[in-house]
file run24.cif (mmCIF, C-alpha atoms and all ligand atoms)
data_run
#
loop_
_atom_site.label_atom_id
_atom_site.label_comp_id
_atom_site.auth_asym_id
_atom_site.auth_seq_id
_atom_site.Cartn_x
_atom_site.Cartn_y
_atom_site.Cartn_z
CA MET A 1 -22.76 4.30 -4.24
CA LEU A 2 -19.14 3.17 -4.13
CA VAL A 3 -18.24 -0.49 -4.49
CA LEU A 4 -14.70 -1.67 -3.99
CA PHE A 5 -13.54 -5.05 -5.23
CA ASP A 6 -11.13 -5.88 -2.49
CA LEU A 7 -9.86 -8.46 0.01
CA ALA A 8 -8.69 -7.94 3.59
CA ILE A 9 -5.26 -9.32 2.63
CA SER A 10 -4.76 -6.91 -0.31
CA SER A 11 -2.09 -4.27 0.37
CA TYR A 12 -3.32 -2.07 -2.47
CA GLY A 13 -6.82 -2.58 -1.11
CA CYS A 14 -5.63 -1.35 2.27
CA LYS A 15 -4.06 1.69 0.59
CA THR A 16 -7.48 2.51 -0.91
CA ARG A 17 -9.43 1.78 2.29
CA ILE A 18 -7.26 4.28 4.19
CA LEU A 19 -8.11 6.93 1.62
CA LEU A 20 -11.86 6.14 1.69
CA ARG A 21 -11.84 6.29 5.48
CA HIS A 22 -9.92 9.60 5.52
CA LYS A 23 -12.44 11.09 3.10
CA GLY A 24 -15.31 9.87 5.28
CA LEU A 25 -16.81 8.03 2.30
CA GLU A 26 -19.07 5.01 2.69
CA TRP A 27 -18.35 2.05 0.50
CA THR A 28 -19.23 -1.60 0.06
CA SER A 29 -16.41 -4.11 -0.25
CA LEU A 30 -16.94 -7.08 -2.54
CA ALA A 31 -14.61 -10.02 -2.95
CA PRO A 32 -13.72 -10.56 -6.61
CA PRO A 33 -15.93 -13.42 -7.88
CA ASP A 34 -13.86 -16.67 -7.94
CA GLY A 35 -10.80 -14.65 -6.76
CA TYR A 36 -8.71 -12.03 -8.49
CA GLY A 37 -7.47 -12.95 -11.94
CA SER A 38 -10.41 -15.34 -12.44
CA PRO A 39 -12.32 -15.30 -15.75
CA ALA A 40 -15.45 -14.15 -13.86
CA TYR A 41 -13.63 -11.22 -12.28
CA CYS A 42 -11.77 -10.34 -15.51
CA LYS A 43 -15.18 -9.88 -17.15
CA ILE A 44 -15.72 -7.00 -14.72
CA VAL A 45 -12.12 -5.79 -14.34
CA PRO A 46 -10.08 -6.96 -17.35
CA SER A 47 -6.71 -6.58 -15.56
CA GLY A 48 -7.95 -8.99 -12.88
CA THR A 49 -6.34 -6.93 -10.11
CA ILE A 50 -7.73 -5.60 -6.88
CA PRO A 51 -8.63 -3.02 -5.83
CA ALA A 52 -11.13 -1.84 -8.44
CA LEU A 53 -13.75 0.81 -7.83
CA VAL A 54 -17.26 0.87 -9.27
CA HIS A 55 -19.06 4.22 -9.06
CA ASP A 56 -22.35 4.88 -10.85
CA GLY A 57 -21.62 2.21 -13.46
CA PHE A 58 -18.05 3.40 -14.00
CA THR A 59 -15.34 0.84 -13.23
CA ILE A 60 -11.72 1.80 -12.65
CA GLY A 61 -8.71 -0.22 -11.53
CA GLU A 62 -5.20 0.83 -10.42
CA SER A 63 -4.98 2.15 -6.88
CA ASP A 64 -3.29 5.44 -7.83
CA ALA A 65 -5.98 6.20 -10.43
CA ILE A 66 -8.68 5.27 -7.90
CA ALA A 67 -7.01 7.59 -5.37
CA GLU A 68 -6.94 10.55 -7.78
CA TYR A 69 -10.55 9.87 -8.81
CA LEU A 70 -11.78 9.80 -5.20
CA ASN A 71 -9.74 12.88 -4.36
CA GLU A 72 -11.56 14.76 -7.11
CA LEU A 73 -14.97 13.19 -6.37
CA ALA A 74 -14.72 14.17 -2.68
CA PRO A 75 -12.34 17.15 -2.55
CA GLU A 76 -12.36 17.50 1.27
CA PRO A 77 -10.12 16.83 3.03
CA ALA A 78 -7.72 17.49 0.16
CA MET A 79 -5.18 14.71 -0.18
CA LEU A 80 -2.83 16.50 -2.55
CA PRO A 81 -0.97 19.62 -1.40
CA GLU A 82 -1.77 22.95 -3.04
CA PRO A 83 1.63 23.98 -4.51
CA ILE A 84 2.13 22.37 -7.91
CA LYS A 85 5.63 21.12 -7.09
CA GLU A 86 4.42 19.49 -3.87
CA ARG A 87 1.61 17.80 -5.79
CA ALA A 88 4.14 16.42 -8.25
CA MET A 89 6.28 15.23 -5.33
CA ALA A 90 3.29 13.50 -3.70
CA ARG A 91 2.61 11.63 -6.93
CA ALA A 92 6.28 10.74 -7.35
CA LEU A 93 6.46 9.35 -3.82
CA SER A 94 3.35 7.24 -4.37
CA ARG A 95 4.84 5.83 -7.60
CA PHE A 96 8.18 5.26 -5.84
CA HIS A 97 6.37 3.20 -3.25
CA ASP A 98 4.33 1.22 -5.77
CA THR A 99 7.09 0.55 -8.30
CA ARG A 100 10.30 0.48 -6.23
CA ILE A 101 9.41 -0.68 -2.71
CA GLU A 102 6.22 -2.76 -2.85
CA PRO A 103 7.48 -5.22 -5.52
CA LEU A 104 10.44 -6.11 -3.27
CA LEU A 105 8.05 -6.92 -0.44
CA ARG A 106 5.80 -8.94 -2.73
CA ALA A 107 8.83 -10.91 -3.89
CA TYR A 108 9.06 -12.35 -0.38
CA PHE A 109 5.55 -13.81 -0.38
CA GLY A 110 6.67 -17.00 -2.10
CA GLN A 111 9.20 -17.54 0.71
CA VAL A 112 6.72 -17.58 3.57
CA ALA A 113 6.16 -21.36 3.49
CA PRO A 114 9.30 -22.72 5.24
CA ALA A 115 9.93 -25.32 2.49
CA ASN A 116 10.33 -22.52 -0.09
CA ARG A 117 12.84 -20.37 1.79
CA ASN A 118 16.10 -19.40 0.19
CA ALA A 119 18.45 -17.61 2.59
CA ASP A 120 20.49 -15.98 -0.20
CA PHE A 121 17.38 -14.56 -1.84
CA ILE A 122 16.07 -13.28 1.49
CA ALA A 123 19.37 -11.48 2.25
CA GLU A 124 19.82 -10.07 -1.28
CA ASN A 125 16.24 -8.78 -1.40
CA ALA A 126 16.72 -7.16 2.03
CA ALA A 127 19.81 -5.35 0.73
CA LEU A 128 17.75 -3.98 -2.17
CA LEU A 129 15.02 -2.94 0.23
CA GLN A 130 17.59 -1.17 2.38
CA ARG A 131 18.78 0.73 -0.68
CA ARG A 132 15.23 1.77 -1.57
CA PHE A 133 14.46 3.08 1.93
CA ASN A 134 17.76 4.96 1.96
CA GLN A 135 16.71 6.48 -1.37
CA LEU A 136 13.32 7.41 0.06
CA ALA A 137 15.04 9.24 2.92
CA GLU A 138 17.13 11.12 0.34
CA ILE A 139 14.09 12.07 -1.71
CA ARG A 140 12.08 13.37 1.23
CA THR A 141 12.39 14.03 4.96
CA PRO A 142 8.89 13.36 6.32
CA SER A 143 7.50 16.12 8.55
CA PRO A 144 5.93 14.06 10.07
CA LEU A 145 4.08 12.62 7.00
CA LEU A 146 5.42 12.66 3.46
CA THR A 147 3.94 16.01 2.45
CA GLY A 148 3.67 17.58 5.90
CA THR A 149 1.06 17.32 8.62
CA ASP A 150 -1.87 16.29 6.39
CA LEU A 151 -2.34 12.74 5.18
CA SER A 152 -1.83 12.70 1.41
CA LEU A 153 -2.11 10.29 -1.50
CA ALA A 154 1.63 9.68 -1.07
CA ASP A 155 1.18 8.14 2.37
CA CYS A 156 -1.61 5.59 1.93
CA GLY A 157 0.42 2.82 0.31
CA PHE A 158 3.20 2.98 2.89
CA ALA A 159 1.00 1.88 5.80
CA PRO A 160 0.36 -1.68 4.53
CA SER A 161 3.99 -1.92 3.44
CA PHE A 162 5.20 -1.13 6.95
CA ALA A 163 2.87 -3.90 8.20
CA ILE A 164 4.34 -6.33 5.64
CA ILE A 165 7.88 -5.46 6.72
CA ARG A 166 7.04 -6.10 10.38
CA CYS A 167 5.41 -9.44 9.53
CA LEU A 168 8.23 -10.60 7.23
CA GLN A 169 11.02 -9.47 9.54
CA GLY A 170 9.34 -11.49 12.29
CA LEU A 171 9.34 -14.54 10.02
CA PHE A 172 12.71 -14.25 8.28
CA GLY A 173 14.70 -11.98 10.63
CA PHE A 174 16.34 -10.18 7.68
CA ASN A 175 18.52 -7.18 8.20
CA LEU A 176 16.74 -3.93 7.37
CA ILE A 177 17.45 -0.76 9.30
CA LEU A 178 15.02 1.98 8.39
CA PRO A 179 16.67 5.43 8.36
CA ALA A 180 15.70 7.38 11.51
CA SER A 181 13.50 9.81 9.54
CA ILE A 182 11.59 6.90 7.98
CA LYS A 183 11.21 5.13 11.32
CA ALA A 184 9.68 8.32 12.75
CA TYR A 185 7.45 8.49 9.66
CA GLU A 186 6.26 4.91 10.21
CA ALA A 187 5.29 5.77 13.80
CA ALA A 188 3.45 8.97 12.81
CA LEU A 189 1.66 7.33 9.88
CA CYS A 190 0.52 4.23 11.71
CA ALA A 191 -0.83 6.34 14.61
CA HIS A 192 -2.82 8.62 12.29
CA PRO A 193 -6.57 8.40 13.10
CA SER A 194 -7.49 7.51 9.49
CA VAL A 195 -4.77 4.86 9.34
CA CYS A 196 -4.50 3.06 12.69
CA ASP A 197 -7.60 0.84 12.46
CA GLU A 198 -6.98 -0.12 8.83
CA TYR A 199 -3.33 -0.79 9.67
CA ALA A 200 -4.33 -3.06 12.58
CA ALA A 201 -6.92 -4.94 10.49
CA TYR A 202 -4.42 -5.39 7.68
CA ALA A 203 -1.64 -6.59 10.04
CA LYS A 204 -4.09 -9.15 11.47
CA ALA A 205 -5.10 -10.41 8.00
CA LEU A 206 -1.43 -10.66 7.09
CA ASP A 207 -0.55 -12.66 10.21
CA GLU A 208 -3.43 -15.05 9.54
CA TRP A 209 -2.36 -15.45 5.92
CA ALA A 210 1.25 -16.17 6.95
CA ALA A 211 0.15 -18.64 9.67
CA ALA A 212 -1.93 -20.54 7.10
CA LYS A 213 1.03 -20.67 4.68
CA ILE A 214 3.37 -21.89 7.42
CA ALA A 215 0.87 -24.55 8.54
CA GLY A 216 0.80 -25.72 4.91
N1 LIG B 301 -0.80 -1.54 -9.86
C1 LIG B 301 -1.95 -2.15 -9.24
C2 LIG B 301 -1.48 -3.35 -8.45
C3 LIG B 301 -2.60 -4.05 -7.73
C4 LIG B 301 -2.22 -5.45 -7.34
O1 LIG B 301 -1.18 -6.00 -7.77
N2 LIG B 301 -3.08 -6.06 -6.56
C5 LIG B 301 -2.85 -7.43 -6.20
C6 LIG B 301 -3.49 -7.73 -4.86
S1 LIG B 301 -2.77 -6.74 -3.56
C7 LIG B 301 -3.50 -8.28 -7.26
O2 LIG B 301 -4.59 -7.97 -7.71
N3 LIG B 301 -2.82 -9.32 -7.71
C8 LIG B 301 -3.35 -10.20 -8.68
C9 LIG B 301 -2.60 -10.17 -9.99
O3 LIG B 301 -1.58 -9.48 -10.08
O4 LIG B 301 -3.05 -10.86 -10.91
C10 LIG B 301 -2.65 -1.13 -8.33
O5 LIG B 301 -2.00 -0.17 -7.90
O6 LIG B 301 -3.86 -1.28 -8.07
#
call {"tool": "encode", "arguments": {"input": "run24.cif", "output": "structure tokens"}}
result
Amino acid sequence: MLVLFDLAISSYGCKTRILLRHKGLEWTSLAPPDGYGSPAYCKIVPSGTIPALVHDGFTIGESDAIAEYLNELAPEPAMLPEPIKERAMARALSRFHDTRIEPLLRAYFGQVAPANRNADFIAENAALLQRRFNQLAEIRTPSPLLTGTDLSLADCGFAPSFAIIRCLQGLFGFNLILPASIKAYEAALCAHPSVCDEYAAYAKALDEWAAAKIAG
């Protein structure tokens, strides 16, 4: 039995849900008691972050560690390529997403309420984001996904991030031009059968969250 502490609005949760769905695994989602970071939840998951997986009494946080665990627990379909160098690249791309791209998106969340917006911050952060996506295109040319035709651990985090970019660009209108290879990657990833429904559900949760912030 797999239990995932998660919320519909969690981007790292969405990353994990895509993987669970691709593996054909059944799981139960639970909201963290009293919200993430709460004392009640920290008793279960000391870091207080979501997602966290509970399997047969074993609790593990950190989406990349959860991904590797599930990929070993349910080896088919394999979500890491066979050649050792490609496996290393898949891991590097996942870390690049989590440590270099996602934090820039998260930095915008505090700007969603109109009263908190700072035009200089929005433009400067967009320039950084542009740089990171240009770097991604240098690191790898997707074909059509990051490690080829099969969905891999490297891809799962990018789907919610593309949804965040679409939502935030709609709100702030910042200037970000994805390199052509990354734009094609976004289209291929978001249309993938294991991704499209989770992507749509996440985009909806995001729009609702933003509308509530804007309404105050
Ligand atoms: N490195 C963690 C990051 C997870 C994360 O930051 N999750 C957010 C929700 S999407 C969260 O729990 N935030 C609460 C906090 O940082 O206290 C992972 O990959 O799982």
call {"tool": "atom_distance", "arguments": {"input": "run24.cif", "atom1": "CA of Ile66 (chain A)", "atom2": "CA of Pro83 (chain A)"}}
result
21.6 Å
call {"tool": "residues_around", "arguments": {"input": "run24.cif", "residues": "Glu76 (chain A)", "least_positions_apart": "2", "cutoff": "10 Å", "atoms": "all atoms listed in the file", "output": "list in words"}}
result
His22, Lys23, Gly24, Asn71, Glu72, Leu73, Ala74, Ala78 and Met79 of chain A
call {"tool": "closest_residue", "arguments": {"input": "run24.cif", "among": "A:Ala123, A:Leu136, A:Ile84, A:Leu20", "to": "Arg100 (chain A)", "atoms": "all atoms listed in the file"}}
result
A:Leu136
call {"tool": "closest_residue", "arguments": {"input": "run24.cif", "among": "A:Arg132, A:Arg87, A:His55, A:Lys15", "to": "ligand LIG 301 (chain B)", "atoms": "only C-alpha atoms and all ligand atoms"}}
result
A:Lys15
call {"tool": "residues_around", "arguments": {"input": "run24.cif", "residues": "Leu129 (chain A)", "least_positions_apart": "6", "cutoff": "9 Å", "atoms": "all atoms listed in the file", "output": "VMD selection string"}}
result
chain A and resid 100 to 101 104 to 105 176
call {"tool": "closest_residue", "arguments": {"input": "run24.cif", "among": "A:Ala113, A:Leu128, A:Ile60, A:Cys167", "to": "Pro46 (chain A)", "atoms": "only C-alpha atoms"}}
result
A:Ile60
call {"tool": "residues_near_ligand", "arguments": {"input": "run24.cif", "ligand": "ligand LIG 301 (chain B)", "cutoff": "10 Å", "atoms": "all atoms listed in the file", "output": "short mmCIF file (atom, residue, chain, number, x, y, z; two decimals) with C-alpha atoms, in the coordinates of the input"}}
result
data_model
loop_
_atom_site.label_atom_id
_atom_site.label_comp_id
_atom_site.auth_asym_id
_atom_site.auth_seq_id
_atom_site.Cartn_x
_atom_site.Cartn_y
_atom_site.Cartn_z
CA PHE A 5 -13.54 -5.05 -5.23
CA ASP A 6 -11.13 -5.88 -2.49
CA LEU A 7 -9.86 -8.46 0.01
CA ALA A 8 -8.69 -7.94 3.59
CA ILE A 9 -5.26 -9.32 2.63
CA SER A 10 -4.76 -6.91 -0.31
CA SER A 11 -2.09 -4.27 0.37
CA TYR A 12 -3.32 -2.07 -2.47
CA GLY A 13 -6.82 -2.58 -1.11
CA CYS A 14 -5.63 -1.35 2.27
CA LYS A 15 -4.06 1.69 0.59
CA THR A 16 -7.48 2.51 -0.91
CA PRO A 32 -13.72 -10.56 -6.61
CA GLY A 35 -10.80 -14.65 -6.76
CA TYR A 36 -8.71 -12.03 -8.49
CA GLY A 37 -7.47 -12.95 -11.94
CA SER A 38 -10.41 -15.34 -12.44
CA CYS A 42 -11.77 -10.34 -15.51
CA SER A 47 -6.71 -6.58 -15.56
CA GLY A 48 -7.95 -8.99 -12.88
CA THR A 49 -6.34 -6.93 -10.11
CA ILE A 50 -7.73 -5.60 -6.88
CA PRO A 51 -8.63 -3.02 -5.83
CA ALA A 52 -11.13 -1.84 -8.44
CA ILE A 60 -11.72 1.80 -12.65
CA GLY A 61 -8.71 -0.22 -11.53
CA GLU A 62 -5.20 0.83 -10.42
CA SER A 63 -4.98 2.15 -6.88
CA ASP A 64 -3.29 5.44 -7.83
CA ALA A 65 -5.98 6.20 -10.43
CA ILE A 66 -8.68 5.27 -7.90
CA ALA A 67 -7.01 7.59 -5.37
CA SER A 94 3.35 7.24 -4.37
CA ARG A 95 4.84 5.83 -7.60
CA ASP A 98 4.33 1.22 -5.77
CA THR A 99 7.09 0.55 -8.30
CA GLU A 102 6.22 -2.76 -2.85
CA PRO A 103 7.48 -5.22 -5.52
CA ARG A 106 5.80 -8.94 -2.73
CA GLY A 157 0.42 2.82 0.31
#
call {"tool": "closest_residue", "arguments": {"input": "run24.cif", "among": "A:Leu4, A:Asn125, A:Leu145, A:Gly57", "to": "Gln111 (chain A)", "atoms": "only C-alpha atoms"}}
result
A:Asn125
call {"tool": "atom_distance", "arguments": {"input": "run24.cif", "atom1": "CA of Phe158 (chain A)", "atom2": "CA of Glu26 (chain A)"}}
result
22.4 Å
call {"tool": "closest_residue", "arguments": {"input": "run24.cif", "among": "A:Glu198, A:Asp150, A:Glu138, A:Glu208", "to": "Pro81 (chain A)", "atoms": "all atoms listed in the file"}}
result
A:Asp150
call {"tool": "atom_distance", "arguments": {"input": "run24.cif", "atom1": "CA of Tyr185 (chain A)", "atom2": "CA of Ala159 (chain A)"}}
result
10.0 Å
call {"tool": "decode", "arguments": {"input": "run24.cif", "residues": "region 142-153 of chain A", "atoms": "N, CA, C and O atoms", "output": "short mmCIF file (atom, residue, chain, number, x, y, z; two decimals), in the first residue's frame"}}
result
data_model
loop_
_atom_site.label_atom_id
_atom_site.label_comp_id
_atom_site.auth_asym_id
_atom_site.auth_seq_id
_atom_site.Cartn_x
_atom_site.Cartn_y
_atom_site.Cartn_z
N PRO A 142 16.19 17.80 -26.36
CA PRO A 142 15.21 16.73 -26.15
C PRO A 142 14.85 16.03 -27.47
O PRO A 142 14.83 16.67 -28.52
N SER A 143 14.57 14.70 -27.37
CA SER A 143 14.31 13.97 -28.63
C SER A 143 13.24 12.88 -28.48
O SER A 143 13.59 11.73 -28.57
N PRO A 144 11.97 13.12 -28.31
CA PRO A 144 11.40 14.43 -28.02
C PRO A 144 11.42 14.74 -26.52
O PRO A 144 11.26 15.87 -26.12
N LEU A 145 11.61 13.70 -25.65
CA LEU A 145 11.69 13.91 -24.20
C LEU A 145 13.17 14.02 -23.82
O LEU A 145 14.06 13.88 -24.67
N LEU A 146 13.44 14.22 -22.54
CA LEU A 146 14.81 14.56 -22.17
C LEU A 146 15.81 13.43 -22.38
O LEU A 146 16.98 13.69 -22.65
N THR A 147 15.35 12.17 -22.25
CA THR A 147 16.31 11.08 -22.50
C THR A 147 15.87 10.23 -23.67
O THR A 147 16.29 9.07 -23.80
N GLY A 148 15.04 10.78 -24.54
CA GLY A 148 14.64 10.04 -25.75
C GLY A 148 13.13 9.89 -25.81
O GLY A 148 12.39 10.78 -25.39
N THR A 149 12.67 8.74 -26.30
CA THR A 149 11.23 8.59 -26.51
C THR A 149 10.50 8.17 -25.23
O THR A 149 9.29 8.35 -25.12
N ASP A 150 11.22 7.56 -24.28
CA ASP A 150 10.56 7.08 -23.06
C ASP A 150 10.56 8.15 -21.96
O ASP A 150 11.58 8.83 -21.75
N LEU A 151 9.43 8.24 -21.27
CA LEU A 151 9.35 9.16 -20.14
C LEU A 151 10.34 8.71 -19.07
O LEU A 151 10.40 7.52 -18.74
N SER A 152 11.14 9.64 -18.55
CA SER A 152 12.13 9.26 -17.54
C SER A 152 11.97 10.12 -16.29
O SER A 152 11.20 11.09 -16.27
N LEU A 153 12.75 9.78 -15.27
CA LEU A 153 12.72 10.55 -14.03
C LEU A 153 13.06 12.01 -14.29
O LEU A 153 12.63 12.90 -13.57
#
